[in-house]
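**Student:** Here it is, the structure in full.
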Amino acid sequence: TATYPDLFKNSLARPGEGTFESYFLSPELKNNLMGKSGTVNRVRNYAGYLVTKSGRQIAFGILHNNFDCNSHQVSKKVEELLMEVYNYY
């Protein structure tokens, strides 16, 4: 039987599926990221877990509020930030 942590972990999207369907598709993130995203007018949120290159599991939460670019650019910036975390932690 599944435990509560397993049920929670299995509810999180991986790159290429769910709320991450079009995001975080680089090989490093695709195999090591799970989370959720949320949007509302001019706000984008991302939260989840990232297993870094060194094997550390890091919880993250990122909120972009009232941004002055398109939402695709916001997602790309988040991807760049997560790649930095992946590589250096």
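Letters A, B, ... go to the chains of the structure tokens in the order shown; residues in each chain start at 1; ligands are counted from 1 in the same order.
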Could you name the residues that touch region 14-22 of chain A at 9 Å or less, counting only C-alpha atoms, but leaving out those on the same chain fewer than 6 positions away, as a compact mmCIF listing (two decimals) with N, CA and C atoms, in the first residue's frame?
**Tutor:**
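New file selection_15.txt:
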# COMPACT_ATOMS: atom_id res chain seq x y z
N LEU A 29 16.87 18.68 -15.83
CA LEU A 29 15.66 18.95 -15.05
C LEU A 29 14.60 17.88 -15.28
N LYS A 30 14.49 17.38 -16.49
CA LYS A 30 13.45 16.39 -16.81
C LYS A 30 13.53 15.18 -15.89
N ASN A 31 14.72 14.77 -15.53
CA ASN A 31 14.89 13.58 -14.70
C ASN A 31 14.99 13.86 -13.21
N ASN A 32 14.99 15.14 -12.81
CA ASN A 32 15.28 15.46 -11.41
C ASN A 32 14.35 16.47 -10.78
N LEU A 33 13.27 16.83 -11.45
CA LEU A 33 12.37 17.87 -10.96
C LEU A 33 10.96 17.33 -10.84
N MET A 34 10.28 17.73 -9.80
CA MET A 34 8.85 17.43 -9.65
C MET A 34 8.22 18.59 -8.89
N GLY A 35 7.00 18.93 -9.24
CA GLY A 35 6.37 20.05 -8.55
C GLY A 35 5.02 20.41 -9.10
N LYS A 36 4.60 21.59 -8.75
CA LYS A 36 3.33 22.15 -9.18
C LYS A 36 3.55 23.58 -9.63
N SER A 37 2.67 24.07 -10.46
CA SER A 37 2.69 25.47 -10.84
C SER A 37 1.30 26.04 -10.70
N GLY A 38 1.23 27.35 -10.61
CA GLY A 38 -0.06 28.02 -10.52
C GLY A 38 0.03 29.37 -11.19
**Student:** I need the helix (DSSP H, G or I) residues of chain A per DSSP on the backbone, written as a ChimeraX atom specification.
**Tutor:** /A:4-11,18-20,27-30,71-88
**Student:** Go through A:Ile62, A:Leu12, A:Glu28, A:Asn41 and flag the residue nearest Ser75 (chain A), using only C-alpha atoms for the distances.
**Tutor:** A:Ile62
**Student:** DSSP on the backbone: which residues in region 4-64 of chain A end up as strand (DSSP E)? Give the answer as a list in words.
**Tutor:**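 Strand (DSSP E) assignments inside region 4-64 of chain A correspond to Leu33, Met34, Gly35, Lys36, Ser37, Gly38, Thr39, Val40, Val43, Arg44, Asn45, Tyr46, Ala47, Gly48, Tyr49, Leu50, Val51, Gln57, Ile58, Ala59, Phe60, Gly61, Ile62, Leu63 and His64 of chain A.
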**Student:** Since we have the selection now, will you write its residues out, keeping N, CA, C and O atoms, as an mmCIF file, in the first residue's frame?
**Tutor:**
data_model
loop_
_atom_site.group_PDB
_atom_site.id
_atom_site.type_symbol
_atom_site.label_atom_id
_atom_site.label_comp_id
_atom_site.auth_asym_id
_atom_site.auth_seq_id
_atom_site.Cartn_x
_atom_site.Cartn_y
_atom_site.Cartn_z
ATOM 1 N N LEU A 33 13.267 16.828 -11.452
ATOM 2 C CA LEU A 33 12.373 17.872 -10.964
ATOM 3 C C LEU A 33 10.958 17.326 -10.843
ATOM 4 O O LEU A 33 10.508 16.550 -11.682
ATOM 5 N N MET A 34 10.278 17.732 -9.798
ATOM 6 C CA MET A 34 8.854 17.434 -9.654
ATOM 7 C C MET A 34 8.225 18.588 -8.890
ATOM 8 O O MET A 34 8.862 19.187 -8.027
ATOM 9 N N GLY A 35 6.996 18.930 -9.238
ATOM 10 C CA GLY A 35 6.372 20.049 -8.547
ATOM 11 C C GLY A 35 5.016 20.406 -9.100
ATOM 12 O O GLY A 35 4.384 19.634 -9.819
ATOM 13 N N LYS A 36 4.602 21.592 -8.752
ATOM 14 C CA LYS A 36 3.326 22.149 -9.185
ATOM 15 C C LYS A 36 3.553 23.580 -9.633
ATOM 16 O O LYS A 36 4.513 24.223 -9.221
ATOM 17 N N SER A 37 2.667 24.066 -10.460
ATOM 18 C CA SER A 37 2.692 25.471 -10.840
ATOM 19 C C SER A 37 1.298 26.041 -10.701
ATOM 20 O O SER A 37 0.308 25.301 -10.649
ATOM 21 N N GLY A 38 1.233 27.351 -10.608
ATOM 22 C CA GLY A 38 -0.055 28.023 -10.519
ATOM 23 C C GLY A 38 0.030 29.373 -11.191
ATOM 24 O O GLY A 38 1.098 30.003 -11.208
ATOM 25 N N THR A 39 -1.066 29.796 -11.765
ATOM 26 C CA THR A 39 -1.093 31.089 -12.448
ATOM 27 C C THR A 39 -2.378 31.824 -12.130
ATOM 28 O O THR A 39 -3.423 31.223 -11.852
ATOM 29 N N VAL A 40 -2.268 33.117 -12.161
ATOM 30 C CA VAL A 40 -3.399 34.035 -12.115
ATOM 31 C C VAL A 40 -2.890 35.291 -12.829
ATOM 32 O O VAL A 40 -1.689 35.383 -13.113
ATOM 33 N N VAL A 43 0.711 36.703 -12.484
ATOM 34 C CA VAL A 43 1.379 36.007 -11.381
ATOM 35 C C VAL A 43 1.630 34.569 -11.817
ATOM 36 O O VAL A 43 0.744 33.908 -12.350
ATOM 37 N N ARG A 44 2.860 34.093 -11.588
ATOM 38 C CA ARG A 44 3.206 32.685 -11.850
ATOM 39 C C ARG A 44 3.930 32.163 -10.629
ATOM 40 O O ARG A 44 4.792 32.829 -10.071
ATOM 41 N N ASN A 45 3.566 30.943 -10.234
ATOM 42 C CA ASN A 45 4.162 30.308 -9.061
ATOM 43 C C ASN A 45 4.646 28.915 -9.428
ATOM 44 O O ASN A 45 3.992 28.209 -10.201
ATOM 45 N N TYR A 46 5.763 28.529 -8.832
ATOM 46 C CA TYR A 46 6.312 27.187 -9.001
ATOM 47 C C TYR A 46 6.781 26.714 -7.627
ATOM 48 O O TYR A 46 7.410 27.469 -6.892
ATOM 49 N N ALA A 47 6.494 25.465 -7.319
ATOM 50 C CA ALA A 47 6.975 24.885 -6.066
ATOM 51 C C ALA A 47 7.209 23.406 -6.294
ATOM 52 O O ALA A 47 6.515 22.764 -7.080
ATOM 53 N N GLY A 48 8.210 22.874 -5.613
ATOM 54 C CA GLY A 48 8.475 21.457 -5.764
ATOM 55 C C GLY A 48 9.808 21.049 -5.199
ATOM 56 O O GLY A 48 10.329 21.681 -4.276
ATOM 57 N N TYR A 49 10.351 20.007 -5.794
ATOM 58 C CA TYR A 49 11.618 19.422 -5.362
ATOM 59 C C TYR A 49 12.529 19.251 -6.563
ATOM 60 O O TYR A 49 12.090 18.889 -7.645
ATOM 61 N N LEU A 50 13.815 19.487 -6.327
ATOM 62 C CA LEU A 50 14.831 19.308 -7.348
ATOM 63 C C LEU A 50 15.960 18.485 -6.752
ATOM 64 O O LEU A 50 16.467 18.822 -5.676
ATOM 65 N N VAL A 51 16.331 17.409 -7.423
ATOM 66 C CA VAL A 51 17.512 16.645 -7.037
ATOM 67 C C VAL A 51 18.669 17.211 -7.849
ATOM 68 O O VAL A 51 18.644 17.199 -9.078
ATOM 69 N N GLN A 57 18.500 16.726 -2.426
ATOM 70 C CA GLN A 57 17.116 17.064 -2.759
ATOM 71 C C GLN A 57 16.801 18.400 -2.114
ATOM 72 O O GLN A 57 16.924 18.553 -0.901
ATOM 73 N N ILE A 58 16.392 19.365 -2.941
ATOM 74 C CA ILE A 58 16.116 20.717 -2.476
ATOM 75 C C ILE A 58 14.656 21.044 -2.741
ATOM 76 O O ILE A 58 14.155 20.844 -3.851
ATOM 77 N N ALA A 59 13.974 21.543 -1.721
ATOM 78 C CA ALA A 59 12.606 22.043 -1.891
ATOM 79 C C ALA A 59 12.708 23.497 -2.351
ATOM 80 O O ALA A 59 13.573 24.247 -1.895
ATOM 81 N N PHE A 60 11.823 23.892 -3.267
ATOM 82 C CA PHE A 60 11.846 25.274 -3.750
ATOM 83 C C PHE A 60 10.432 25.813 -3.895
ATOM 84 O O PHE A 60 9.470 25.069 -4.076
ATOM 85 N N GLY A 61 10.329 27.117 -3.799
ATOM 86 C CA GLY A 61 9.104 27.846 -4.073
ATOM 87 C C GLY A 61 9.483 29.160 -4.728
ATOM 88 O O GLY A 61 10.346 29.877 -4.214
ATOM 89 N N ILE A 62 8.904 29.464 -5.869
ATOM 90 C CA ILE A 62 9.237 30.668 -6.620
ATOM 91 C C ILE A 62 7.933 31.371 -6.987
ATOM 92 O O ILE A 62 7.036 30.754 -7.562
ATOM 93 N N LEU A 63 7.839 32.650 -6.668
ATOM 94 C CA LEU A 63 6.665 33.461 -6.986
ATOM 95 C C LEU A 63 7.104 34.644 -7.827
ATOM 96 O O LEU A 63 8.020 35.376 -7.443
ATOM 97 N N HIS A 64 6.489 34.812 -8.990
ATOM 98 C CA HIS A 64 6.695 35.992 -9.837
ATOM 99 C C HIS A 64 5.388 36.765 -9.833
ATOM 100 O O HIS A 64 4.352 36.239 -10.249
#
**Student:** With distances taken over only C-alpha atoms, which of A:Asn10, A:Phe24, A:Tyr4, A:Arg42 is nearest to Ser71 (chain A)?
**Tutor:**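 Checking each of A:Asn10, A:Phe24, A:Tyr4, A:Arg42 against Ser71 (chain A), counting only C-alpha atoms, the winner is A:Arg42.
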**Student:** Which value, in Å to one decimal, gives the distance between CA of Cys69 (chain A) and CA of Asn87 (chain A)?
**Tutor:**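 Rounded to one decimal, the two atoms are 26.2 Å apart.
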**Student:** Show me, as a VMD selection string, the residues that have an atom within 8 Å of Lys53 (chain A) when counting only C-alpha atoms, minus same-chain residues fewer than 4 positions from it.
**Tutor:** chain A and resid 86 to 89
**Student:** Write the selection just made, keeping all heavy atoms, as a JSON list (two decimals), in the first residue's frame?
**Tutor:**
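In the end it all went to selection.json:
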[["chain", "number", "residue", "atom", "x", "y", "z"],
["A", 86, "TYR", "N", 20.62, 23.32, -9.77],
["A", 86, "TYR", "CA", 20.98, 21.93, -10.11],
["A", 86, "TYR", "C", 22.50, 21.78, -10.20],
["A", 86, "TYR", "O", 23.07, 20.84, -9.65],
["A", 86, "TYR", "CB", 20.34, 21.52, -11.44],
["A", 86, "TYR", "CG", 20.82, 20.19, -11.95],
["A", 86, "TYR", "CD1", 20.30, 19.00, -11.45],
["A", 86, "TYR", "CD2", 21.84, 20.12, -12.89],
["A", 86, "TYR", "CE1", 20.77, 17.79, -11.88],
["A", 86, "TYR", "CE2", 22.31, 18.90, -13.34],
["A", 86, "TYR", "CZ", 21.78, 17.73, -12.83],
["A", 86, "TYR", "OH", 22.26, 16.52, -13.25],
["A", 87, "ASN", "N", 23.16, 22.68, -10.88],
["A", 87, "ASN", "CA", 24.59, 22.58, -11.13],
["A", 87, "ASN", "C", 25.48, 22.91, -9.93],
["A", 87, "ASN", "O", 26.55, 22.33, -9.79],
["A", 87, "ASN", "CB", 25.00, 23.46, -12.31],
["A", 87, "ASN", "CG", 24.62, 22.85, -13.63],
["A", 87, "ASN", "OD1", 24.87, 21.67, -13.88],
["A", 87, "ASN", "ND2", 24.00, 23.64, -14.49],
["A", 88, "TYR", "N", 25.04, 23.81, -9.06],
["A", 88, "TYR", "CA", 25.93, 24.32, -8.02],
["A", 88, "TYR", "C", 25.61, 23.85, -6.61],
["A", 88, "TYR", "O", 26.33, 24.17, -5.68],
["A", 88, "TYR", "CB", 26.00, 25.84, -8.09],
["A", 88, "TYR", "CG", 26.64, 26.27, -9.38],
["A", 88, "TYR", "CD1", 25.87, 26.79, -10.42],
["A", 88, "TYR", "CD2", 28.00, 26.08, -9.60],
["A", 88, "TYR", "CE1", 26.46, 27.16, -11.61],
["A", 88, "TYR", "CE2", 28.59, 26.44, -10.80],
["A", 88, "TYR", "CZ", 27.81, 26.97, -11.81],
["A", 88, "TYR", "OH", 28.39, 27.32, -12.99],
["A", 89, "TYR", "N", 24.56, 23.09, -6.44],
["A", 89, "TYR", "CA", 24.23, 22.59, -5.10],
["A", 89, "TYR", "C", 24.16, 21.08, -5.14],
["A", 89, "TYR", "O", 23.98, 20.38, -4.31],
["A", 89, "TYR", "CB", 22.93, 23.20, -4.58],
["A", 89, "TYR", "CG", 23.06, 24.67, -4.31],
["A", 89, "TYR", "CD1", 22.72, 25.60, -5.27],
["A", 89, "TYR", "CD2", 23.57, 25.11, -3.10],
["A", 89, "TYR", "CE1", 22.87, 26.96, -5.02],
["A", 89, "TYR", "CE2", 23.71, 26.47, -2.84],
["A", 89, "TYR", "CZ", 23.35, 27.38, -3.81],
["A", 89, "TYR", "OH", 23.49, 28.73, -3.56]]
**Student:** Which distance in Å separates CA of Leu25 (chain A) and CA of Phe8 (chain A), to one decimal?
**Tutor:**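 It comes out at 22.1 Å.
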**Student:** Between CA of Glu79 (chain A) and CA of Lys9 (chain A), what distance in Å does the model show, to one decimal?
**Tutor:** 20.7 Å
